[in-house]
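> Here you go, coords.cif (mmCIF, C-alpha atoms):
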```
data_protein
loop_
_atom_site.group_PDB
_atom_site.id
_atom_site.type_symbol
_atom_site.label_atom_id
_atom_site.label_comp_id
_atom_site.auth_asym_id
_atom_site.auth_seq_id
_atom_site.Cartn_x
_atom_site.Cartn_y
_atom_site.Cartn_z
ATOM 1 C CA MET A 4 -15.968 22.289 -0.328
ATOM 2 C CA ILE A 5 -14.679 19.071 -1.856
ATOM 3 C CA THR A 6 -10.961 18.895 -2.656
ATOM 4 C CA SER A 7 -8.624 16.351 -4.210
ATOM 5 C CA ILE A 8 -7.866 15.074 -0.690
ATOM 6 C CA GLU A 9 -11.448 13.871 -0.377
ATOM 7 C CA ILE A 10 -11.352 12.266 -3.820
ATOM 8 C CA LEU A 11 -8.152 10.380 -2.990
ATOM 9 C CA GLY A 12 -9.609 9.250 0.325
ATOM 10 C CA THR A 13 -12.819 8.124 -1.360
ATOM 11 C CA GLU A 14 -10.883 6.157 -3.967
ATOM 12 C CA GLU A 15 -8.780 4.486 -1.279
ATOM 13 C CA LEU A 16 -11.955 3.495 0.570
ATOM 14 C CA LEU A 17 -13.641 2.132 -2.554
ATOM 15 C CA LEU A 18 -10.551 0.112 -3.467
ATOM 16 C CA GLN A 19 -10.245 -1.280 0.064
ATOM 17 C CA ARG A 20 -13.690 -2.820 -0.184
ATOM 18 C CA ASN A 21 -13.217 -4.015 -3.776
ATOM 19 C CA PRO A 22 -10.364 -6.592 -3.858
ATOM 20 C CA ARG A 23 -10.608 -7.232 -7.606
ATOM 21 C CA ALA A 24 -10.330 -3.566 -8.524
ATOM 22 C CA ALA A 25 -7.610 -3.079 -5.902
ATOM 23 C CA ALA A 26 -5.525 -5.882 -7.420
ATOM 24 C CA VAL A 27 -5.817 -4.340 -10.880
ATOM 25 C CA HIS A 28 -4.950 -0.903 -9.501
ATOM 26 C CA GLN A 29 -1.940 -2.192 -7.576
ATOM 27 C CA ALA A 30 -0.527 -4.086 -10.558
ATOM 28 C CA ILE A 31 -0.831 -1.139 -12.936
ATOM 29 C CA VAL A 32 0.668 1.275 -10.409
ATOM 30 C CA ALA A 33 3.619 -1.097 -9.953
ATOM 31 C CA ARG A 34 4.249 -1.271 -13.703
ATOM 32 C CA GLY A 35 3.879 2.484 -14.037
ATOM 33 C CA ARG A 36 6.369 3.095 -11.261
ATOM 34 C CA GLU A 37 8.873 0.730 -12.832
ATOM 35 C CA ALA A 38 8.580 2.668 -16.078
ATOM 36 C CA VAL A 39 9.087 5.995 -14.285
ATOM 37 C CA ILE A 40 12.143 4.676 -12.440
ATOM 38 C CA ALA A 41 13.659 3.521 -15.732
ATOM 39 C CA LEU A 42 12.837 6.894 -17.261
ATOM 40 C CA ASN A 43 14.511 8.803 -14.430
ATOM 41 C CA GLU A 44 17.648 6.721 -14.833
ATOM 42 C CA ARG A 45 17.889 7.877 -18.444
ATOM 43 C CA PHE A 46 17.464 11.550 -17.562
ATOM 44 C CA ASP A 47 19.730 12.266 -14.613
ATOM 45 C CA ASP A 48 20.904 15.796 -15.470
ATOM 46 C CA PRO A 49 18.381 18.399 -14.205
ATOM 47 C CA SER A 50 20.446 21.208 -15.741
ATOM 48 C CA ASP A 51 19.661 20.016 -19.281
ATOM 49 C CA ASP A 52 16.435 21.869 -20.109
ATOM 50 C CA THR A 53 15.859 20.023 -23.364
ATOM 51 C CA ALA A 54 16.254 16.661 -21.677
ATOM 52 C CA MET A 55 13.923 17.697 -18.854
ATOM 53 C CA LYS A 56 11.230 18.653 -21.359
ATOM 54 C CA ARG A 57 11.571 15.242 -22.986
ATOM 55 C CA LEU A 58 11.365 13.635 -19.554
ATOM 56 C CA ASP A 59 8.116 15.486 -18.819
ATOM 57 C CA THR A 60 6.677 14.390 -22.161
ATOM 58 C CA GLU A 61 7.594 10.752 -21.627
ATOM 59 C CA LEU A 62 6.360 10.839 -18.035
ATOM 60 C CA GLU A 63 3.015 12.116 -19.263
ATOM 61 C CA ALA A 64 2.894 9.263 -21.779
ATOM 62 C CA ILE A 65 3.519 6.703 -19.023
ATOM 63 C CA VAL A 66 0.704 8.153 -16.931
ATOM 64 C CA GLU A 67 -1.668 8.160 -19.899
ATOM 65 C CA ARG A 68 -0.862 4.529 -20.726
ATOM 66 C CA SER A 69 -1.353 3.537 -17.099
ATOM 67 C CA VAL A 70 -4.728 5.266 -16.886
ATOM 68 C CA SER A 71 -5.891 3.771 -20.189
ATOM 69 C CA GLU A 72 -4.886 0.282 -19.079
ATOM 70 C CA TYR A 73 -6.661 0.784 -15.760
ATOM 71 C CA VAL A 74 -9.852 1.898 -17.477
ATOM 72 C CA ARG A 75 -9.793 -1.167 -19.739
ATOM 73 C CA GLN A 76 -9.331 -3.579 -16.855
ATOM 74 C CA ALA A 77 -11.306 -1.904 -14.051
ATOM 75 C CA SER A 78 -14.400 -0.731 -15.924
ATOM 76 C CA GLY A 79 -17.358 -2.701 -14.632
ATOM 77 C CA LEU A 80 -15.650 -3.802 -11.415
ATOM 78 C CA PHE A 81 -17.306 -1.112 -9.293
ATOM 79 C CA SER A 82 -20.953 -1.119 -8.282
ATOM 80 C CA THR A 83 -23.275 1.546 -9.617
ATOM 81 C CA GLU A 84 -23.551 2.989 -6.108
ATOM 82 C CA ASP A 85 -19.775 3.335 -5.782
ATOM 83 C CA VAL A 86 -19.427 4.949 -9.197
ATOM 84 C CA ASP A 87 -22.260 7.358 -8.407
ATOM 85 C CA LEU A 88 -20.644 8.335 -5.100
ATOM 86 C CA TRP A 89 -17.277 8.923 -6.754
ATOM 87 C CA THR A 90 -18.803 10.850 -9.653
ATOM 88 C CA ALA A 91 -20.865 13.071 -7.362
ATOM 89 C CA LYS A 92 -17.685 14.071 -5.557
ATOM 90 C CA ILE A 93 -15.057 14.309 -8.281
ATOM 91 C CA THR A 94 -17.205 16.393 -10.622
ATOM 92 C CA ARG A 95 -17.301 19.100 -7.945
ATOM 93 C CA VAL A 96 -13.521 19.523 -7.799
ATOM 94 C CA PRO A 97 -12.173 22.226 -10.122
ATOM 95 C CA GLY A 98 -8.965 21.947 -12.105
ATOM 96 C CA THR A 99 -7.786 20.147 -15.213
ATOM 97 C CA TYR A 100 -5.712 17.553 -13.328
ATOM 98 C CA VAL A 101 -8.661 16.186 -11.364
ATOM 99 C CA GLY A 102 -10.784 16.701 -14.454
ATOM 100 C CA ARG A 103 -8.618 14.218 -16.359
ATOM 101 C CA ALA A 104 -9.378 11.558 -13.761
ATOM 102 C CA ALA A 105 -13.071 12.415 -13.724
ATOM 103 C CA ALA A 106 -13.266 12.118 -17.500
ATOM 104 C CA VAL A 107 -12.325 8.418 -17.539
ATOM 105 C CA GLY A 108 -15.286 7.525 -15.329
ATOM 106 C CA VAL A 109 -13.581 4.863 -13.193
ATOM 107 C CA PRO A 110 -12.909 5.319 -9.452
ATOM 108 C CA GLY A 111 -9.221 5.053 -8.605
ATOM 109 C CA ALA A 112 -7.973 7.017 -11.601
ATOM 110 C CA LEU A 113 -6.800 10.037 -9.606
ATOM 111 C CA LEU A 114 -5.020 7.870 -7.045
ATOM 112 C CA LEU A 115 -3.347 5.961 -9.866
ATOM 113 C CA MET A 116 -2.118 9.151 -11.525
ATOM 114 C CA GLU A 117 -0.719 10.477 -8.271
ATOM 115 C CA SER A 118 0.874 7.147 -7.317
ATOM 116 C CA VAL A 119 2.684 6.776 -10.634
ATOM 117 C CA GLU A 120 3.860 10.386 -10.792
ATOM 118 C CA SER A 121 5.071 10.479 -7.185
ATOM 119 C CA VAL A 122 7.233 7.374 -7.491
ATOM 120 C CA GLU A 123 10.376 9.179 -6.310
ATOM 121 C CA SER A 124 8.850 10.440 -3.068
ATOM 122 C CA ALA A 125 7.157 7.087 -2.514
ATOM 123 C CA GLU A 126 10.487 5.314 -2.859
ATOM 124 C CA SER A 127 11.939 7.684 -0.300
ATOM 125 C CA ASP A 128 9.101 6.991 2.143
ATOM 126 C CA GLU A 129 9.502 3.243 1.748
ATOM 127 C CA ASN A 130 13.265 3.341 2.204
ATOM 128 C CA THR A 131 13.929 2.126 5.723
ATOM 129 C CA THR A 132 17.651 2.925 5.668
ATOM 130 C CA PHE A 133 18.373 5.351 8.475
ATOM 131 C CA VAL A 134 19.841 8.673 7.358
ATOM 132 C CA SER A 135 21.725 10.391 10.168
ATOM 133 C CA LEU A 136 21.457 14.085 10.899
ATOM 134 C CA ASP A 137 25.070 14.505 9.778
ATOM 135 C CA ASP A 138 24.240 12.945 6.411
ATOM 136 C CA THR A 139 21.175 15.152 6.073
ATOM 137 C CA LEU A 140 23.163 18.278 6.873
ATOM 138 C CA SER A 141 25.864 17.281 4.401
ATOM 139 C CA ASN A 142 23.240 16.894 1.686
ATOM 140 C CA ILE A 143 21.823 20.378 2.261
ATOM 141 C CA ALA A 144 25.114 22.150 3.012
ATOM 142 C CA GLY A 145 25.149 23.918 -0.338
ATOM 143 C CA TYR A 146 21.748 25.468 0.352
ATOM 144 C CA CYS A 147 22.069 26.182 4.091
ATOM 145 C CA GLN A 148 21.588 29.842 5.039
ATOM 146 C CA CYS A 149 22.412 29.676 8.750
ATOM 147 C CA GLY A 150 25.822 27.976 8.576
ATOM 148 C CA TYR A 151 24.898 25.029 10.771
ATOM 149 C CA ALA A 152 24.999 22.456 7.974
ATOM 150 C CA THR A 153 28.580 23.348 7.096
ATOM 151 C CA SER A 154 30.125 24.355 10.430
ATOM 152 C CA ARG A 155 27.965 22.470 12.982
ATOM 153 C CA ILE A 156 28.165 25.667 15.028
ATOM 154 C CA VAL A 157 24.731 26.275 16.519
ATOM 155 C CA PRO A 158 23.348 29.623 15.264
ATOM 156 C CA ARG A 159 20.859 31.902 16.977
ATOM 157 C CA GLN A 160 18.224 30.481 14.644
ATOM 158 C CA LEU A 161 18.317 27.582 12.215
ATOM 159 C CA CYS A 162 17.446 28.198 8.580
ATOM 160 C CA ARG A 163 14.367 26.455 7.226
ATOM 161 C CA LEU A 164 16.279 23.557 5.674
ATOM 162 C CA CYS A 165 18.249 22.842 8.837
ATOM 163 C CA SER A 166 15.056 23.256 10.869
ATOM 164 C CA GLY A 167 13.443 20.496 8.853
ATOM 165 C CA GLY A 168 16.486 18.262 9.184
ATOM 166 C CA VAL A 169 16.771 18.511 12.961
ATOM 167 C CA LEU A 170 13.006 18.019 13.380
ATOM 168 C CA ILE A 171 13.130 14.754 11.446
ATOM 169 C CA ALA A 172 16.185 13.677 13.441
ATOM 170 C CA TRP A 173 14.386 14.399 16.717
ATOM 171 C CA ARG A 174 11.309 12.450 15.655
ATOM 172 C CA THR A 175 13.495 9.540 14.522
ATOM 173 C CA GLU A 176 15.359 9.500 17.827
ATOM 174 C CA GLU A 177 12.084 9.597 19.736
ATOM 175 C CA ASP A 178 10.676 6.682 17.744
ATOM 176 C CA GLN A 179 13.789 4.628 18.460
ATOM 177 C CA VAL A 180 13.613 5.369 22.185
ATOM 178 C CA ILE A 181 9.891 4.642 22.456
ATOM 179 C CA ALA A 182 10.326 1.370 20.558
ATOM 180 C CA THR A 183 12.209 0.027 23.599
ATOM 181 C CA ALA A 184 9.294 0.844 25.937
ATOM 182 C CA PRO A 185 6.192 -1.032 24.658
ATOM 183 C CA LYS A 186 3.766 0.278 27.296
ATOM 184 C CA VAL A 187 4.782 3.878 26.678
ATOM 185 C CA ARG A 188 4.518 3.347 22.924
ATOM 186 C CA SER A 189 1.035 1.826 23.229
ATOM 187 C CA GLU A 190 -0.302 4.610 25.444
ATOM 188 C CA LEU A 191 1.143 7.354 23.252
ATOM 189 C CA HIS A 192 -0.336 5.655 20.187
ATOM 190 C CA ALA A 193 -3.806 5.983 21.723
ATOM 191 C CA VAL A 194 -3.219 9.669 22.468
ATOM 192 C CA PHE A 195 -2.097 10.390 18.918
ATOM 193 C CA GLU A 196 -4.903 8.406 17.306
ATOM 194 C CA GLU A 197 -7.413 10.726 18.953
ATOM 195 C CA LEU A 198 -5.340 13.812 18.200
ATOM 196 C CA LEU A 199 -4.899 12.912 14.523
ATOM 197 C CA ASP A 200 -8.661 12.701 14.095
ATOM 198 C CA GLU A 201 -9.059 16.115 15.700
ATOM 199 C CA LEU A 202 -6.275 17.777 13.703
ATOM 200 C CA ALA A 203 -7.422 16.307 10.398
ATOM 201 C CA THR A 204 -10.983 17.453 11.038
ATOM 202 C CA ILE A 205 -9.761 20.971 11.825
ATOM 203 C CA HIS A 206 -7.653 21.148 8.663
ATOM 204 C CA LEU A 207 -10.499 19.877 6.514
ATOM 205 C CA ALA A 208 -12.964 22.338 8.030
ATOM 206 C CA THR A 209 -10.877 25.512 8.159
ATOM 207 C CA GLY A 210 -7.711 25.045 6.119
ATOM 208 C CA ASP A 211 -6.081 27.256 8.773
ATOM 209 C CA ALA A 212 -3.011 25.638 10.312
ATOM 210 C CA SER A 213 -3.099 28.009 13.294
ATOM 211 C CA ALA A 214 -6.511 26.674 14.295
ATOM 212 C CA GLU A 215 -5.008 23.362 15.394
ATOM 213 C CA THR A 216 -2.417 24.864 17.763
ATOM 214 C CA PRO A 217 -4.756 24.697 20.804
ATOM 215 C CA ALA A 218 -5.513 21.044 20.028
ATOM 216 C CA ARG A 219 -1.824 20.171 20.099
ATOM 217 C CA ARG A 220 -1.446 22.128 23.339
ATOM 218 C CA ARG A 221 -4.278 20.160 24.959
ATOM 219 C CA ALA A 222 -2.785 16.860 23.813
ATOM 220 C CA GLY A 223 0.559 17.831 25.310
ATOM 221 C CA ASN A 224 -0.833 19.085 28.598
ATOM 222 C CA ALA A 225 -3.178 16.153 29.071
ATOM 223 C CA GLY A 226 -2.426 13.021 27.075
ATOM 224 C CA ILE A 227 1.336 13.139 26.609
ATOM 225 C CA THR A 228 2.037 14.450 30.102
ATOM 226 C CA ARG A 229 -0.201 11.766 31.613
ATOM 227 C CA VAL A 230 1.650 8.975 29.797
ATOM 228 C CA ASN A 231 5.049 10.303 30.844
ATOM 229 C CA GLU A 232 3.954 10.676 34.457
ATOM 230 C CA THR A 233 2.318 7.244 34.562
ATOM 231 C CA TYR A 234 5.427 5.514 33.240
ATOM 232 C CA ALA A 235 7.991 7.816 34.826
ATOM 233 C CA GLU A 236 9.963 4.947 36.365
ATOM 234 C CA GLU A 237 10.193 3.070 33.071
ATOM 235 C CA ILE A 238 11.132 6.228 31.162
ATOM 236 C CA ALA A 239 13.822 7.027 33.743
ATOM 237 C CA MET A 240 15.600 3.838 32.658
ATOM 238 C CA LEU A 241 15.809 5.033 29.037
ATOM 239 C CA ASP A 242 18.723 6.954 27.571
ATOM 240 C CA LEU A 243 17.225 10.323 26.630
ATOM 241 C CA THR A 244 20.524 12.173 26.207
ATOM 242 C CA ARG A 245 20.310 12.519 22.433
ATOM 243 C CA TRP A 246 16.560 13.138 22.568
ATOM 244 C CA ARG A 247 17.115 16.102 24.911
ATOM 245 C CA GLU A 248 19.957 17.464 22.778
ATOM 246 C CA LEU A 249 17.737 17.436 19.704
ATOM 247 C CA SER A 250 14.867 18.925 21.686
ATOM 248 C CA ASP A 251 17.083 21.883 22.585
ATOM 249 C CA LEU A 252 18.238 22.222 18.985
ATOM 250 C CA ASN A 253 14.660 22.236 17.704
ATOM 251 C CA GLN A 254 13.871 25.229 19.886
ATOM 252 C CA LEU A 255 15.959 27.212 17.392
ATOM 253 C CA SER A 256 13.744 26.146 14.486
ATOM 254 C CA GLN A 257 12.658 28.785 11.995
ATOM 255 C CA ILE A 258 9.315 27.020 11.600
ATOM 256 C CA THR A 259 7.025 28.971 13.919
ATOM 257 C CA ALA A 260 4.328 26.302 14.075
ATOM 258 C CA VAL A 261 6.891 23.768 15.288
ATOM 259 C CA THR A 262 8.197 25.963 18.109
ATOM 260 C CA ALA A 263 4.751 27.132 19.238
ATOM 261 C CA HIS A 264 4.977 24.842 22.284
ATOM 262 C CA ALA A 265 8.752 24.549 22.591
ATOM 263 C CA LYS A 266 8.793 25.771 26.186
ATOM 264 C CA HIS A 267 6.582 22.827 27.181
ATOM 265 C CA TRP A 268 8.609 20.015 25.582
ATOM 266 C CA SER A 269 10.735 19.271 28.633
ATOM 267 C CA GLN A 270 7.588 19.146 30.772
ATOM 268 C CA TRP A 271 5.594 16.978 28.365
ATOM 269 C CA GLY A 272 8.395 14.510 27.646
ATOM 270 C CA LEU A 273 8.354 11.692 25.104
ATOM 271 C CA GLY A 274 5.822 12.351 22.364
ATOM 272 C CA SER A 275 6.807 15.999 22.020
ATOM 273 C CA ALA A 276 8.783 15.369 18.830
ATOM 274 C CA ARG A 277 5.856 13.674 17.135
ATOM 275 C CA LEU A 278 3.573 16.454 18.333
ATOM 276 C CA ALA A 279 5.933 19.063 16.882
ATOM 277 C CA MET A 280 6.022 17.181 13.579
ATOM 278 C CA LEU A 281 2.233 17.296 13.413
ATOM 279 C CA ALA A 282 2.456 21.082 13.271
ATOM 280 C CA MET A 283 3.268 20.572 9.595
ATOM 281 C CA GLN A 284 0.071 20.052 7.593
ATOM 282 C CA SER A 285 2.151 18.303 4.934
ATOM 283 C CA ASP A 286 3.140 15.625 7.458
ATOM 284 C CA PRO A 287 2.208 12.198 6.013
ATOM 285 C CA GLU A 288 0.257 11.257 9.146
ATOM 286 C CA ILE A 289 -1.927 14.337 8.849
ATOM 287 C CA GLN A 290 -2.453 13.868 5.124
ATOM 288 C CA ALA A 291 -3.373 10.198 5.507
ATOM 289 C CA ARG A 292 -5.875 10.943 8.261
ATOM 290 C CA MET A 293 -7.420 13.794 6.274
ATOM 291 C CA ARG A 294 -7.903 11.441 3.349
ATOM 292 C CA ARG A 295 -9.461 8.771 5.538
ATOM 293 C CA ILE A 296 -11.934 11.148 7.176
ATOM 294 C CA ALA A 297 -12.847 13.076 4.036
ATOM 295 C CA GLY A 298 -13.075 9.909 1.973
ATOM 296 C CA SER A 299 -15.727 8.442 4.270
ATOM 297 C CA ARG A 300 -18.089 11.366 3.760
ATOM 298 C CA PRO A 301 -21.351 10.689 1.897
ATOM 299 C CA ALA A 302 -22.101 12.094 -1.524
ATOM 300 C CA PRO A 303 -22.848 15.825 -1.458
ATOM 301 C CA LYS A 304 -26.432 16.945 -1.831
ATOM 302 C CA PRO A 305 -27.319 18.411 -5.239
ATOM 303 C CA SER A 306 -27.190 22.179 -5.417
ATOM 304 C CA LEU A 307 -30.289 24.234 -6.218
ATOM 305 C CA PHE A 308 -29.008 24.719 -9.764
ATOM 306 C CA GLU A 309 -28.476 20.973 -10.182
ATOM 307 C CA ARG A 310 -31.965 20.204 -8.898
ATOM 308 C CA LEU A 311 -33.529 22.719 -11.252
ATOM 309 C CA PHE A 312 -31.457 21.493 -14.192
ATOM 310 C CA SER A 313 -32.357 17.845 -13.505
ATOM 311 C CA ARG A 314 -36.074 18.627 -13.869
ATOM 312 C CA ARG A 315 -35.696 19.712 -17.457
#
```
Written as structure tokens, that's how I'd like the structure from this file.


Amino acid sequence: MITSIEILGTEELLLQRNPRAAAVHQAIVARGREAVIALNERFDDPSDDTAMKRLDTELEAIVERSVSEYVRQASGLFSTEDVDLWTAKITRVPGTYVGRAAAVGVPGALLLMESVESVESAESDENTTFVSLDDTLSNIAGYCQCGYATSRIVPRQLCRLCSGGVLIAWRTEEDQVIATAPKVRSELHAVFEELLDELATIHLATGDASAETPARRRAGNAGITRVNETYAEEIAMLDLTRWRELSDLNQLSQITAVTAHAKHWSQWGLGSARLAMLAMQSDPEIQARMRRIAGSRPAPKPSLFERLFSRR
């Protein structure tokens, strides 16, 4: 079954090998994002229902203008083969949202729509300013259900919001530690490159998050453990105090998929935080790899109905 993930991956691939179309796409996305940012600055009160409806209407207008401009500038920049590949895929995805992109007939339309509309999350991803766990907990204190965000007293189990916050903090701490050990970082990168391919393939094939748990277990037992054992002397020189504290805190996570291998973290060592993060299918690394793999698939074969219809 073809999904929007495959369409987005296909569009990314087609744009990568078409510099002219990519330049047009990038410029229009940038202008669209600027317009959305300006729009959001005008409507900063989410409690005003009337204003929010106007915001939605104006956001839709920005997206429509961006798509129309893209169609005018990018039509004719793609080869017939690329357009045929894209069309064969996108016309098999149900839903009006994807249908809007399919209707314009130019590869890259769906990616453009998503890129313009998701400007706020994209800005967050691109923001390199470190946000401490304390800041994160302060931001979610009003919604915390376990008390940890307000009291900093460790509960028997963290609520879902606090679970997410401490997981991100653990991964951030791990990245900072590994950055000071180039050999460890390089070896772990190789382990995760292979694992990401495996996890993405599983998600694309089954859609069942539980199916990838054994794959993460194998990566921990084999790849991550091997790296930590090989570079044990170098790792012993690193300050892992905070990493271990956050590891212990993450064992109280409410997210079952994250804690599936919690008892092995101390044995596996560095890399465990990233492995735990990959338990979330929404993790950007997983999503990006799913798009890359799905996007490289060939055009689907015509169905029996399509073959019969084409003979008429």

> Can you give me, as a PDB file with C-alpha atoms, in the coordinates of the input, the residues this file yields under the PyMOL selection byres ((chain A and resi 40) around 12)?


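Output file selection-v8.pdb is given in full below:
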```
ATOM      1  CA  ALA A  33       3.619  -1.097  -9.953  1.00  0.00           C
ATOM      2  CA  ARG A  34       4.249  -1.271 -13.703  1.00  0.00           C
ATOM      3  CA  GLY A  35       3.879   2.484 -14.037  1.00  0.00           C
ATOM      4  CA  ARG A  36       6.369   3.095 -11.261  1.00  0.00           C
ATOM      5  CA  GLU A  37       8.873   0.730 -12.832  1.00  0.00           C
ATOM      6  CA  ALA A  38       8.580   2.668 -16.078  1.00  0.00           C
ATOM      7  CA  VAL A  39       9.087   5.995 -14.285  1.00  0.00           C
ATOM      8  CA  ALA A  41      13.659   3.521 -15.732  1.00  0.00           C
ATOM      9  CA  LEU A  42      12.837   6.894 -17.261  1.00  0.00           C
ATOM     10  CA  ASN A  43      14.511   8.803 -14.430  1.00  0.00           C
ATOM     11  CA  GLU A  44      17.648   6.721 -14.833  1.00  0.00           C
ATOM     12  CA  ARG A  45      17.889   7.877 -18.444  1.00  0.00           C
ATOM     13  CA  PHE A  46      17.464  11.550 -17.562  1.00  0.00           C
ATOM     14  CA  ASP A  47      19.730  12.266 -14.613  1.00  0.00           C
ATOM     15  CA  LEU A  58      11.365  13.635 -19.554  1.00  0.00           C
ATOM     16  CA  GLU A  61       7.594  10.752 -21.627  1.00  0.00           C
ATOM     17  CA  LEU A  62       6.360  10.839 -18.035  1.00  0.00           C
ATOM     18  CA  ILE A  65       3.519   6.703 -19.023  1.00  0.00           C
ATOM     19  CA  VAL A 119       2.684   6.776 -10.634  1.00  0.00           C
ATOM     20  CA  GLU A 120       3.860  10.386 -10.792  1.00  0.00           C
ATOM     21  CA  SER A 121       5.071  10.479  -7.185  1.00  0.00           C
ATOM     22  CA  VAL A 122       7.233   7.374  -7.491  1.00  0.00           C
ATOM     23  CA  GLU A 123      10.376   9.179  -6.310  1.00  0.00           C
ATOM     24  CA  SER A 124       8.850  10.440  -3.068  1.00  0.00           C
ATOM     25  CA  ALA A 125       7.157   7.087  -2.514  1.00  0.00           C
ATOM     26  CA  GLU A 126      10.487   5.314  -2.859  1.00  0.00           C
TER      27      GLU A 126
END
```

> Just say which residues the PyMOL selection byres ((chain A and resi 30) around 12) picks in this file, as number ranges by chain.

A: 23-29, 31-37, 69, 72-73, 76-77, 115, 118-119

> So how many Å separate CA of Gln19 (chain A) and CA of Ala106 (chain A), to one decimal?

22.3 Å

> Place a sphere of radius 12 Å on (-6.5, 18.9, 8.4) in the file coordinates and name every protein, DNA or RNA residue with an atom inside or on its surface, counting only C-alpha atoms; give the answer as a PyMOL selection string.

chain A and resi 6+8-9+198-216+218+281-297

> Residues picked by the PyMOL selection byres ((chain A and resi 186) around 12) here, as a VMD selection string?

chain A and resid 181 to 185 187 to 193 230 to 231 233 to 238

> Skipping near chain neighbours, those fewer than 4 positions away, what residues fall within 9 Å of region 83-90 of chain A using all atoms listed in the file, listed as a list in words?

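Skipping anything fewer than 4 positions along the chain leaves Ile10, Thr13, Glu14, Leu17, Gly79, Thr94, Arg95, Ala105, Gly108, Val109, Pro110, Pro301, Ala302 and Pro303 of chain A.
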
> Write out as a list in words each polymer residue whose atoms come within 12 Å of region 143-157 of chain A, counting only C-alpha atoms; drop sequence neighbours fewer than 5 positions from it.

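Here the qualifying residues turn out to be Leu136, Asp137, Asp138, Cys162, Arg163, Leu164, Cys165, Ser166, Gly167, Gly168, Val169, Glu248, Leu249, Asp251, Leu252, Asn253, Gln254, Leu255, Ser256 and Gln257 of chain A.
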